[in-house]
file model_2.txt (compact mmCIF, C-alpha atoms (C1' of nucleotides))
# COMPACT_ATOMS: atom_id res chain seq x y z
CA MET A 31 64.96 103.96 14.62
CA GLY A 32 62.77 106.07 16.86
CA THR A 33 64.63 109.32 16.22
CA THR A 34 63.39 112.15 14.04
CA LYS A 35 65.32 112.24 10.76
CA THR A 36 66.24 115.91 10.84
CA GLU A 37 68.80 115.47 8.07
CA LYS A 38 65.98 114.92 5.59
CA PHE A 39 64.57 118.42 6.09
CA SER A 40 65.77 121.98 5.56
CA ALA A 41 67.28 124.03 8.39
CA LYS A 42 64.26 126.34 8.28
CA GLN A 43 61.86 123.43 8.52
CA ASN A 44 63.74 121.97 11.47
CA TYR A 45 63.89 125.37 13.14
CA MET A 46 60.17 126.02 12.75
CA ALA A 47 59.38 122.52 14.00
CA THR A 48 61.51 123.10 17.12
CA LEU A 49 59.83 126.43 17.82
CA ILE A 50 56.35 125.03 17.24
CA LYS A 51 57.00 121.81 19.11
CA ALA A 52 58.02 123.77 22.20
CA LEU A 53 54.50 125.26 22.23
CA GLY A 54 52.80 121.93 21.58
CA HIS A 55 51.91 121.23 25.19
CA PRO A 56 49.05 122.78 27.17
CA ALA A 57 51.29 123.59 30.15
CA ARG A 58 53.66 125.53 27.92
CA ILE A 59 50.75 127.25 26.17
CA ALA A 60 49.45 128.21 29.62
CA ILE A 61 52.87 129.50 30.69
CA ILE A 62 53.22 131.63 27.56
CA GLU A 63 49.68 132.99 27.89
CA TYR A 64 50.36 133.85 31.53
CA LEU A 65 53.57 135.62 30.56
CA VAL A 66 51.72 137.61 27.90
CA LYS A 67 49.26 138.71 30.59
CA VAL A 68 51.69 139.62 33.36
CA ASN A 69 54.60 140.59 31.10
CA GLN A 70 57.19 139.10 33.43
CA CYS A 71 57.26 136.80 36.44
CA ILE A 72 59.33 134.33 38.40
CA CYS A 73 59.05 130.55 38.24
CA ASN A 74 57.21 130.36 41.56
CA ASP A 75 54.41 132.61 40.26
CA ILE A 76 53.79 130.03 37.53
CA VAL A 77 53.89 127.18 40.05
CA ASN A 78 51.12 128.98 41.95
CA GLU A 79 49.16 129.80 38.79
CA LEU A 80 49.19 126.33 37.21
CA SER A 81 48.73 123.30 39.40
CA LEU A 82 51.83 121.38 38.48
CA ALA A 83 54.79 120.60 40.70
CA GLN A 84 57.77 122.95 40.77
CA PRO A 85 60.19 120.57 38.99
CA THR A 86 57.62 120.09 36.23
CA ILE A 87 57.28 123.85 35.69
CA SER A 88 61.04 124.23 35.79
CA GLN A 89 61.40 121.58 33.11
CA HIS A 90 58.79 123.26 30.87
CA LEU A 91 60.51 126.62 31.33
CA LYS A 92 63.78 125.04 30.28
CA GLU A 93 62.22 123.75 27.07
CA LEU A 94 60.66 127.11 26.28
CA LYS A 95 64.03 128.76 26.91
CA ASN A 96 65.95 126.24 24.78
CA ALA A 97 63.55 126.87 21.91
CA GLY A 98 64.09 130.62 22.28
CA LEU A 99 60.50 131.42 23.25
CA ILE A 100 61.38 132.95 26.62
CA LYS A 101 64.30 134.67 28.26
CA GLY A 102 65.35 134.42 31.90
CA ASN A 103 67.34 136.95 33.91
CA ILE A 104 68.71 136.48 37.39
CA ASP A 105 66.93 138.77 39.86
CA GLY A 106 68.22 138.27 43.40
CA ASN A 107 67.63 134.66 44.35
CA ALA A 108 64.87 134.33 41.76
CA ILE A 109 64.89 134.23 37.96
CA CYS A 110 62.72 136.65 36.05
CA TYR A 111 61.17 135.18 32.94
CA CYS A 112 59.61 136.95 29.99
CA ILE A 113 58.65 136.20 26.41
CA ASP A 114 61.20 136.63 23.64
CA GLU A 115 58.97 138.61 21.34
CA LYS A 116 61.05 137.87 18.26
CA SER A 117 60.07 134.19 18.42
CA ILE A 118 56.35 134.98 18.59
CA GLU A 119 56.80 137.36 15.69
CA LYS A 120 58.44 134.58 13.69
CA LEU A 121 55.51 132.29 14.37
CA GLN A 122 53.07 135.01 13.43
CA ASN A 123 54.88 135.73 10.19
CA TYR A 124 55.12 132.06 9.34
CA PHE A 125 51.39 131.47 9.63
CA ALA A 126 50.46 134.80 8.09
CA LYS A 127 52.51 133.97 5.00
CA MET A 128 50.99 130.52 4.86
CA SER A 129 47.49 131.94 5.16
CA SER A 130 48.02 134.44 2.38
CA LYS A 131 49.40 131.75 0.08
CA LEU A 132 46.33 129.65 0.77
CA ILE A 133 44.05 132.52 -0.15
CA VAL A 134 45.91 133.15 -3.43
CA ASN A 135 45.86 129.47 -4.43
CA LYS A 136 42.25 128.98 -3.39
CA ILE A 137 41.32 126.07 -5.62
CA LYS A 138 38.72 123.73 -4.18
CA CYS A 139 40.30 120.56 -2.80
CA CYS A 140 39.75 117.30 -4.65
CA MET B 226 52.60 109.60 35.79
CA GLY B 227 53.93 110.28 32.31
CA THR B 228 50.66 111.54 30.87
CA THR B 229 49.86 115.17 30.12
CA LYS B 230 47.48 116.56 32.75
CA THR B 231 44.94 118.03 30.33
CA GLU B 232 42.38 118.50 33.10
CA LYS B 233 44.51 121.27 34.57
CA PHE B 234 44.13 123.47 31.48
CA SER B 235 41.29 125.16 29.63
CA ALA B 236 39.60 123.59 26.60
CA LYS B 237 41.04 126.36 24.43
CA GLN B 238 44.56 125.77 25.74
CA ASN B 239 44.27 122.05 25.13
CA TYR B 240 42.86 122.63 21.66
CA MET B 241 45.63 125.04 20.67
CA ALA B 242 48.26 122.66 22.07
CA THR B 243 46.83 119.80 19.98
CA LEU B 244 46.83 121.91 16.81
CA ILE B 245 50.33 123.22 17.44
CA LYS B 246 51.73 119.88 18.51
CA ALA B 247 50.59 118.32 15.23
CA LEU B 248 52.86 120.79 13.43
CA GLY B 249 55.76 120.28 15.82
CA HIS B 250 57.65 117.84 13.64
CA PRO B 251 59.77 118.67 10.59
CA ALA B 252 58.13 115.98 8.45
CA ARG B 253 54.70 117.42 9.15
CA ILE B 254 55.97 120.95 8.54
CA ALA B 255 57.36 119.72 5.22
CA ILE B 256 54.07 118.02 4.32
CA ILE B 257 52.07 121.16 5.08
CA GLU B 258 54.50 123.37 3.14
CA TYR B 259 54.32 121.00 0.20
CA LEU B 260 50.52 121.06 0.32
CA VAL B 261 50.56 124.87 0.39
CA LYS B 262 52.71 124.80 -2.74
CA VAL B 263 50.83 122.19 -4.77
CA ASN B 264 47.38 122.88 -3.27
CA GLN B 265 46.41 119.21 -3.29
CA CYS B 266 48.11 115.88 -3.77
CA ILE B 267 47.99 112.18 -2.98
CA CYS B 268 50.00 110.38 -0.31
CA ASN B 269 52.39 108.90 -2.87
CA ASP B 270 53.41 112.36 -4.11
CA ILE B 271 54.56 113.13 -0.57
CA VAL B 272 56.40 109.83 -0.30
CA ASN B 273 58.31 110.82 -3.45
CA GLU B 274 58.89 114.39 -2.25
CA LEU B 275 60.16 113.60 1.25
CA SER B 276 62.49 110.67 1.75
CA LEU B 277 60.57 108.77 4.35
CA ALA B 278 58.92 105.38 4.00
CA GLN B 279 55.29 105.16 2.95
CA PRO B 280 53.97 103.94 6.33
CA THR B 281 55.76 106.83 8.02
CA ILE B 282 54.15 109.39 5.73
CA SER B 283 50.79 107.71 6.19
CA GLN B 284 51.15 107.99 9.96
CA HIS B 285 52.08 111.69 9.77
CA LEU B 286 49.09 112.34 7.49
CA LYS B 287 46.85 110.64 10.01
CA GLU B 288 48.09 112.90 12.78
CA LEU B 289 47.63 116.01 10.67
CA LYS B 290 44.12 114.87 9.81
CA ASN B 291 43.21 114.05 13.43
CA ALA B 292 44.32 117.51 14.47
CA GLY B 293 42.16 119.04 11.74
CA LEU B 294 45.03 120.52 9.75
CA ILE B 295 44.31 118.60 6.56
CA LYS B 296 41.35 116.98 4.84
CA GLY B 297 41.38 113.83 2.73
CA ASN B 298 38.94 112.84 0.00
CA ILE B 299 38.76 109.54 -1.79
CA ASP B 300 39.70 109.93 -5.46
CA GLY B 301 39.69 106.65 -7.33
CA ASN B 302 42.11 104.32 -5.64
CA ALA B 303 44.01 107.23 -4.14
CA ILE B 304 43.21 109.76 -1.43
CA CYS B 305 43.46 113.43 -2.25
CA TYR B 306 44.81 115.52 0.61
CA CYS B 307 44.61 119.27 1.09
CA ILE B 308 45.01 121.80 3.87
CA ASP B 309 42.04 122.71 6.02
CA GLU B 310 42.48 126.47 5.76
CA LYS B 311 40.40 127.17 8.85
CA SER B 312 43.02 125.57 11.09
CA ILE B 313 45.84 127.65 9.62
CA GLU B 314 43.69 130.73 10.06
CA LYS B 315 43.20 129.84 13.72
CA LEU B 316 46.94 129.54 14.20
CA GLN B 317 47.50 132.83 12.43
CA ASN B 318 44.92 134.59 14.57
CA TYR B 319 46.29 133.09 17.75
CA PHE B 320 49.82 134.35 17.15
CA ALA B 321 48.68 137.67 15.70
CA LYS B 322 46.66 138.37 18.86
CA MET B 323 49.57 137.34 21.01
CA SER B 324 51.94 139.58 19.05
CA SER B 325 49.67 142.60 19.36
CA LYS B 326 49.32 142.08 23.10
CA LEU B 327 53.09 141.95 23.41
CA ILE B 328 53.44 145.25 21.56
CA VAL B 329 50.86 146.96 23.80
CA ASN B 330 52.46 145.69 27.01
CA LYS B 331 55.99 146.43 25.85
CA ILE B 332 57.71 146.88 29.20
CA LYS B 333 61.37 145.87 29.23
CA CYS B 334 61.84 142.42 30.81
CA CYS B 335 63.57 142.22 34.20
C1' DA C 232 75.63 131.35 60.79
C1' DA C 233 70.94 129.44 60.64
C1' DA C 234 66.61 129.53 58.50
C1' DC C 235 64.14 130.73 54.51
C1' DT C 236 63.11 131.33 49.65
C1' DA C 237 63.65 130.25 44.73
C1' DT C 238 65.09 127.35 41.23
C1' DA C 239 67.58 123.59 39.01
C1' DT C 240 68.98 118.89 38.59
C1' DC C 241 68.84 113.86 39.29
C1' DG C 242 66.61 109.69 39.02
C1' DT C 243 62.84 107.15 37.71
C1' DA C 244 58.19 105.32 36.31
C1' DA C 245 54.61 105.77 32.99
C1' DT C 246 53.55 106.91 28.60
C1' DA C 247 54.03 108.72 23.85
C1' DT C 248 56.42 109.29 19.53
C1' DT C 249 59.12 108.02 15.53
C1' DG C 250 60.19 105.05 11.79
C1' DC C 251 59.70 101.09 9.13
C1' DA C 252 59.11 96.06 7.43
C1' DA C 253 55.48 93.18 6.65
C1' DT C 254 51.01 92.83 5.50
C1' DA C 255 46.15 94.01 4.68
C1' DT C 256 42.71 96.49 1.94
C1' DA C 257 40.73 98.49 -1.97
C1' DT C 258 40.40 100.43 -6.52
C1' DA C 259 42.31 100.56 -11.36
C1' DA C 260 44.24 98.65 -15.40
C1' DA C 261 45.57 94.90 -18.44
C1' DT D 250 40.69 87.87 -13.16
C1' DT D 251 45.37 88.60 -12.60
C1' DT D 252 48.46 92.41 -11.98
C1' DA D 253 49.51 96.90 -10.64
C1' DT D 254 48.79 101.00 -7.90
C1' DA D 255 47.67 103.53 -3.61
C1' DT D 256 47.02 103.70 1.12
C1' DA D 257 46.24 101.97 5.81
C1' DT D 258 47.21 98.98 9.61
C1' DT D 259 49.90 95.96 12.60
C1' DG D 260 53.72 95.05 15.33
C1' DC D 261 57.85 96.32 17.11
C1' DA D 262 62.38 98.49 18.47
C1' DA D 263 64.51 102.78 19.60
C1' DT D 264 63.93 106.95 21.56
C1' DA D 265 61.62 110.99 23.66
C1' DT D 266 58.38 113.14 26.76
C1' DT D 267 55.86 113.99 30.98
C1' DA D 268 55.55 114.36 35.81
C1' DC D 269 57.35 114.48 40.29
C1' DG D 270 59.88 113.19 44.83
C1' DA D 271 64.22 113.90 46.57
C1' DT D 272 67.94 116.65 46.63
C1' DA D 273 71.34 120.16 45.28
C1' DT D 274 72.48 125.02 44.58
C1' DA D 275 72.38 129.77 45.49
C1' DG D 276 70.87 134.12 47.12
C1' DT D 277 68.13 136.50 51.18
C1' DT D 278 66.77 137.42 55.54
C1' DT D 279 67.08 137.25 60.46
call {"tool": "encode", "arguments": {"input": "model_2.txt", "output": "structure tokens"}}
result
Amino acid sequence: MGTTKTEKFSAKQNYMATLIKALGHPARIAIIEYLVKVNQCICNDIVNELSLAQPTISQHLKELKNAGLIKGNIDGNAICYCIDEKSIEKLQNYFAKMSSKLIVNKIKCC
Amino acid sequence: MGTTKTEKFSAKQNYMATLIKALGHPARIAIIEYLVKVNQCICNDIVNELSLAQPTISQHLKELKNAGLIKGNIDGNAICYCIDEKSIEKLQNYFAKMSSKLIVNKIKCC
DNA sequence: AAACTATATCGTAATATTGCAATATATAAA
DNA sequence: TTTATATATTGCAATATTACGATATAGTTT
């Protein structure tokens, strides 16, 4: 009890849920939006931009990275982060497809 | 401690996070995909489609409804659920805008 | 090497989420 | 009006998430 029953859903459904869940927090939305704006930055830039403690930002970055939403490359003693565009494209495609299906099926609800 | 610091983020960021978070679970992804396919249905149809207990489905429907992703209308002794298309459109627009910004800024990361 | 900078990890408290049995509520059908 | 059908709510156990101080790790600068 208490754990998500992933085995009951398709691999695609679980994958999309993971990707979407990683963005389901305002701090991570803010991080992604900041990265879109500045293209690339180091963790400390985000710590200065958002007012959350460094370990908190680090933890959010880890989740975004695990989900495949961002990439991180070592750059001296810092780590340079940027968006993994493919993941955003996947999200865009997912919702675009869903939207078009909704338009086609447009039958008034109930 | 332990609570999301919503006051540190913009209303738009918090709103998008709420909408996205509601979809960040495979059961809710499956419910939405099912609703896209069948256009409208009652709770019991979903209970039969997914293999989760009725109270679990009811709880997921509540979350989807609170986030504004679905609508529910009383229909006899049942409740007819359908997708609120506006919310899906918002998600589509959000990621489409983000994608186009990423294409414009396309500078190799790090 | 010592001091500085940047980030990750550990540990922990507070809180939230997930899933379901039991039960309540409300309409429909017999 | 009893029975059946459909959904919501309550209560609870298991687990996950959020946030951060303290600390570890690793490269940079002086």
call {"tool": "atom_distance", "arguments": {"input": "model_2.txt", "atom1": "CA of Gly106 in chain A", "atom2": "CA of Ile59 in chain A"}}
result
26.9 Å
call {"tool": "residues_around", "arguments": {"input": "model_2.txt", "residues": "DA253 in chain C", "least_positions_apart": "5", "cutoff": "12 Å", "atoms": "only C-alpha atoms (C1' of nucleotides)", "output": "tab-separated table (two decimals) with C-alpha atoms (C1' of nucleotides), keeping the file's coordinate frame"}}
result
chain	number	residue	atom	x	y	z
B	280	PRO	CA	53.97	103.94	6.33
D	258	DT	C1'	47.21	98.98	9.61
D	259	DT	C1'	49.90	95.96	12.60
D	260	DG	C1'	53.72	95.05	15.33
D	261	DC	C1'	57.85	96.32	17.11
call {"tool": "closest_atom_pairs", "arguments": {"input": "model_2.txt", "of": "chain C", "to": "chain A", "cutoff": "10 Å", "atoms": "only C-alpha atoms (C1' of nucleotides)", "output": "CSV"}}
result
residue,atom,partner,partner_atom,distance
C:DT236,C1',A:Asn107,CA,7.7
C:DA237,C1',A:Ala108,CA,5.2
C:DT238,C1',A:Ala108,CA,7.0
C:DA239,C1',A:Ser88,CA,7.3
C:DT240,C1',A:Pro85,CA,9.0
C:DT248,C1',A:Gly32,CA,7.6
C:DT249,C1',A:Gly32,CA,4.3
C:DG250,C1',A:Met31,CA,5.7
C:DC251,C1',A:Met31,CA,8.1
call {"tool": "axis_aligned_box", "arguments": {"input": "model_2.txt", "around": "range 252-259 of chain C", "padding_each_side": "8 Å", "output": "AutoDock Vina command-line options"}}
result
--center_x 49.8 --center_y 96.7 --center_z -2.0 --size_x 34.7 --size_y 23.7 --size_z 34.8
call {"tool": "atom_distance", "arguments": {"input": "model_2.txt", "atom1": "CA of Leu94 in chain A", "atom2": "C1' of DA271 in chain D"}}
result
24.5 Å
call {"tool": "residues_near_point", "arguments": {"input": "model_2.txt", "point": "(43.5, 117.1, 15.8)", "cutoff": "9 Å", "atoms": "all atoms listed in the file", "output": "list in words"}}
result
Tyr240, Thr243, Leu244, Ala247, Glu288, Leu289, Lys290, Asn291, Ala292, Gly293 and Leu294 of chain B
call {"tool": "residues_around", "arguments": {"input": "model_2.txt", "residues": "Tyr319 in chain B", "least_positions_apart": "6", "cutoff": "10 Å", "atoms": "only C-alpha atoms (C1' of nucleotides)", "output": "compact mmCIF listing (two decimals) with C-alpha atoms, keeping the file's coordinate frame"}}
result
# COMPACT_ATOMS: atom_id res chain seq x y z
CA LEU A 121 55.51 132.29 14.37
CA GLN A 122 53.07 135.01 13.43
CA PHE A 125 51.39 131.47 9.63
CA MET B 241 45.63 125.04 20.67
CA ILE B 313 45.84 127.65 9.62
call {"tool": "atom_distance", "arguments": {"input": "model_2.txt", "atom1": "CA of Lys296 in chain B", "atom2": "CA of Ile133 in chain A"}}
result
16.5 Å
call {"tool": "decode", "arguments": {"input": "model_2.txt", "residues": "chain D", "atoms": "N, CA and C atoms (P, O5', C5', C4', C3', O3' and C1' of nucleotides)", "output": "compact mmCIF listing (two decimals), in the first residue's frame"}}
result
# COMPACT_ATOMS: atom_id res chain seq x y z
P DT D 250 -42.44 2.77 1.61
O5' DT D 250 -42.17 1.49 2.53
C5' DT D 250 -42.70 0.19 2.13
C4' DT D 250 -41.60 -0.68 1.56
C3' DT D 250 -40.19 -0.34 2.03
O3' DT D 250 -39.41 -1.56 2.06
C1' DT D 250 -40.24 -0.24 -0.28
P DT D 251 -39.20 -2.32 3.45
O5' DT D 251 -38.08 -3.39 2.99
C5' DT D 251 -38.49 -4.52 2.25
C4' DT D 251 -37.71 -4.67 0.95
C3' DT D 251 -36.19 -4.86 1.09
O3' DT D 251 -35.88 -6.15 0.58
C1' DT D 251 -36.71 -3.43 -0.71
P DT D 252 -34.41 -6.76 0.73
O5' DT D 252 -33.81 -6.46 -0.73
C5' DT D 252 -34.54 -6.86 -1.89
C4' DT D 252 -33.80 -6.38 -3.13
C3' DT D 252 -32.28 -6.51 -3.06
O3' DT D 252 -31.81 -7.16 -4.24
C1' DT D 252 -32.87 -4.30 -3.69
P DA D 253 -30.27 -7.49 -4.43
O5' DA D 253 -29.89 -6.41 -5.55
C5' DA D 253 -30.73 -6.26 -6.69
C4' DA D 253 -30.26 -5.08 -7.52
C3' DA D 253 -28.73 -5.03 -7.71
O3' DA D 253 -28.47 -4.81 -9.09
C1' DA D 253 -29.51 -2.96 -6.84
P DT D 254 -26.97 -4.80 -9.64
O5' DT D 254 -26.72 -3.24 -9.83
C5' DT D 254 -27.63 -2.47 -10.61
C4' DT D 254 -27.19 -1.02 -10.59
C3' DT D 254 -25.69 -0.83 -10.81
O3' DT D 254 -25.52 0.12 -11.85
C1' DT D 254 -26.42 0.37 -8.89
P DA D 255 -24.07 0.52 -12.35
O5' DA D 255 -23.81 1.84 -11.48
C5' DA D 255 -24.56 3.02 -11.75
C4' DA D 255 -23.95 4.16 -10.97
C3' DA D 255 -22.41 4.20 -11.04
O3' DA D 255 -22.01 5.50 -11.43
C1' DA D 255 -23.14 4.28 -8.80
P DT D 256 -20.48 5.84 -11.64
O5' DT D 256 -20.17 6.58 -10.26
C5' DT D 256 -20.92 7.75 -9.93
C4' DT D 256 -20.64 8.15 -8.51
C3' DT D 256 -19.19 8.46 -8.22
O3' DT D 256 -19.10 9.87 -8.03
C1' DT D 256 -20.24 7.26 -6.46
P DA D 257 -17.74 10.56 -7.61
O5' DA D 257 -17.92 10.73 -6.03
C5' DA D 257 -19.15 11.25 -5.52
C4' DA D 257 -19.08 11.31 -4.00
C3' DA D 257 -17.78 11.87 -3.44
O3' DA D 257 -18.11 12.83 -2.45
C1' DA D 257 -18.20 9.71 -2.52
P DT D 258 -17.00 13.62 -1.68
O5' DT D 258 -16.86 12.78 -0.34
C5' DT D 258 -18.03 12.46 0.42
C4' DT D 258 -17.63 11.70 1.66
C3' DT D 258 -16.37 12.22 2.36
O3' DT D 258 -16.68 12.37 3.73
C1' DT D 258 -16.22 9.88 1.99
P DT D 259 -15.65 13.04 4.73
O5' DT D 259 -15.25 11.84 5.70
C5' DT D 259 -16.19 10.80 5.96
C4' DT D 259 -15.51 9.68 6.72
C3' DT D 259 -14.25 10.08 7.50
O3' DT D 259 -14.33 9.51 8.79
C1' DT D 259 -13.76 8.28 6.07
P DG D 260 -13.30 9.91 9.94
O5' DG D 260 -12.31 8.66 9.96
C5' DG D 260 -12.82 7.34 9.89
C4' DG D 260 -11.67 6.37 9.78
C3' DG D 260 -10.39 6.83 10.46
O3' DG D 260 -9.86 5.73 11.18
C1' DG D 260 -9.95 6.33 8.20
P DC D 261 -8.59 5.92 12.14
O5' DC D 261 -7.47 5.10 11.36
C5' DC D 261 -7.80 3.84 10.78
C4' DC D 261 -6.73 3.45 9.78
C3' DC D 261 -5.31 3.80 10.20
O3' DC D 261 -4.53 2.62 10.17
C1' DC D 261 -5.70 4.39 7.96
P DA D 262 -3.26 2.50 11.11
O5' DA D 262 -2.24 1.73 10.17
C5' DA D 262 -2.67 0.59 9.43
C4' DA D 262 -1.87 0.50 8.15
C3' DA D 262 -0.37 0.66 8.35
O3' DA D 262 0.29 -0.40 7.67
C1' DA D 262 -1.14 2.21 6.73
P DA D 263 1.87 -0.55 7.68
O5' DA D 263 2.29 0.06 6.27
C5' DA D 263 1.80 -0.56 5.10
C4' DA D 263 2.33 0.22 3.91
C3' DA D 263 3.84 0.47 3.96
O3' DA D 263 4.39 0.07 2.72
C1' DA D 263 2.66 2.51 3.62
P DT D 264 5.95 0.15 2.46
O5' DT D 264 6.07 1.55 1.70
C5' DT D 264 5.22 1.80 0.60
C4' DT D 264 5.30 3.25 0.21
C3' DT D 264 6.72 3.77 0.01
O3' DT D 264 6.87 4.01 -1.38
C1' DT D 264 5.32 5.36 1.09
P DA D 265 8.21 4.60 -2.00
O5' DA D 265 7.82 6.13 -2.20
C5' DA D 265 6.54 6.47 -2.68
C4' DA D 265 6.45 7.97 -2.83
C3' DA D 265 7.75 8.65 -3.27
O3' DA D 265 7.41 9.58 -4.28
C1' DA D 265 6.99 9.60 -1.22
P DT D 266 8.51 10.57 -4.89
O5' DT D 266 8.22 11.93 -4.11
C5' DT D 266 6.90 12.43 -4.04
C4' DT D 266 6.90 13.75 -3.30
C3' DT D 266 7.99 14.74 -3.73
O3' DT D 266 7.33 15.98 -3.97
C1' DT D 266 8.01 14.47 -1.37
P DT D 267 8.05 17.22 -4.64
O5' DT D 267 8.44 18.13 -3.40
C5' DT D 267 7.42 18.61 -2.55
C4' DT D 267 8.05 19.33 -1.38
C3' DT D 267 9.22 20.25 -1.73
O3' DT D 267 8.88 21.57 -1.33
C1' DT D 267 9.71 18.90 0.17
P DA D 268 9.79 22.82 -1.79
O5' DA D 268 10.76 22.98 -0.55
C5' DA D 268 10.20 23.28 0.73
C4' DA D 268 11.29 23.20 1.77
C3' DA D 268 12.60 23.87 1.37
O3' DA D 268 12.83 24.98 2.22
C1' DA D 268 12.96 21.73 2.38
P DC D 269 14.10 25.91 2.00
O5' DC D 269 15.13 25.28 3.03
C5' DC D 269 14.79 25.20 4.40
C4' DC D 269 15.86 24.45 5.14
C3' DC D 269 17.29 24.94 4.83
O3' DC D 269 17.99 25.07 6.04
C1' DC D 269 17.17 22.63 4.58
P DG D 270 18.99 26.27 6.21
O5' DG D 270 19.85 25.75 7.45
C5' DG D 270 19.19 25.19 8.60
C4' DG D 270 20.07 24.11 9.22
C3' DG D 270 21.56 24.47 9.30
O3' DG D 270 22.08 23.98 10.53
C1' DG D 270 21.29 22.51 8.00
P DA D 271 23.60 24.30 10.88
O5' DA D 271 24.32 22.94 10.44
C5' DA D 271 23.86 21.70 10.98
C4' DA D 271 24.69 20.57 10.40
C3' DA D 271 26.19 20.83 10.35
O3' DA D 271 26.88 19.69 10.85
C1' DA D 271 25.41 20.19 8.21
P DT D 272 28.47 19.71 10.97
O5' DT D 272 28.90 18.94 9.64
C5' DT D 272 28.25 17.70 9.32
C4' DT D 272 28.62 17.27 7.92
C3' DT D 272 30.12 17.35 7.61
O3' DT D 272 30.56 16.05 7.23
C1' DT D 272 28.82 18.18 5.82
P DA D 273 32.11 15.74 7.05
O5' DA D 273 32.13 15.23 5.55
C5' DA D 273 31.15 14.27 5.13
C4' DA D 273 31.13 14.22 3.60
C3' DA D 273 32.52 14.09 2.97
O3' DA D 273 32.46 13.08 1.97
C1' DA D 273 31.38 15.95 2.05
P DT D 274 33.82 12.58 1.29
O5' DT D 274 33.82 13.31 -0.12
C5' DT D 274 32.68 13.22 -0.96
C4' DT D 274 32.88 14.11 -2.18
C3' DT D 274 34.30 14.09 -2.77
O3' DT D 274 34.21 13.83 -4.15
C1' DT D 274 33.56 16.30 -2.49
P DA D 275 35.54 13.36 -4.98
O5' DA D 275 35.78 14.56 -5.98
C5' DA D 275 34.68 15.22 -6.59
C4' DA D 275 35.12 16.56 -7.10
C3' DA D 275 36.63 16.63 -7.44
O3' DA D 275 36.77 17.32 -8.66
C1' DA D 275 36.04 18.41 -6.06
P DG D 276 38.11 17.09 -9.56
O5' DG D 276 38.31 18.54 -10.21
C5' DG D 276 37.23 19.12 -10.94
C4' DG D 276 37.21 20.61 -10.68
C3' DG D 276 38.48 21.35 -11.13
O3' DG D 276 38.11 22.51 -11.85
C1' DG D 276 37.99 21.88 -8.88
P DT D 277 39.18 23.42 -12.63
O5' DT D 277 38.92 24.91 -12.12
C5' DT D 277 38.13 25.17 -10.98
C4' DT D 277 38.46 26.56 -10.43
C3' DT D 277 39.65 27.27 -11.05
O3' DT D 277 39.34 28.65 -11.16
C1' DT D 277 40.06 26.92 -8.74
P DT D 278 40.35 29.69 -11.90
O5' DT D 278 40.95 30.48 -10.65
C5' DT D 278 40.05 31.05 -9.68
C4' DT D 278 40.83 31.45 -8.43
C3' DT D 278 42.06 32.32 -8.69
O3' DT D 278 41.97 33.47 -7.87
C1' DT D 278 42.59 30.53 -7.22
P DT D 279 42.86 34.76 -8.19
O5' DT D 279 43.81 34.84 -6.91
C5' DT D 279 43.25 34.65 -5.59
C4' DT D 279 44.36 34.31 -4.61
C3' DT D 279 45.67 35.05 -4.87
O3' DT D 279 46.06 35.78 -3.70
C1' DT D 279 46.07 32.73 -4.52
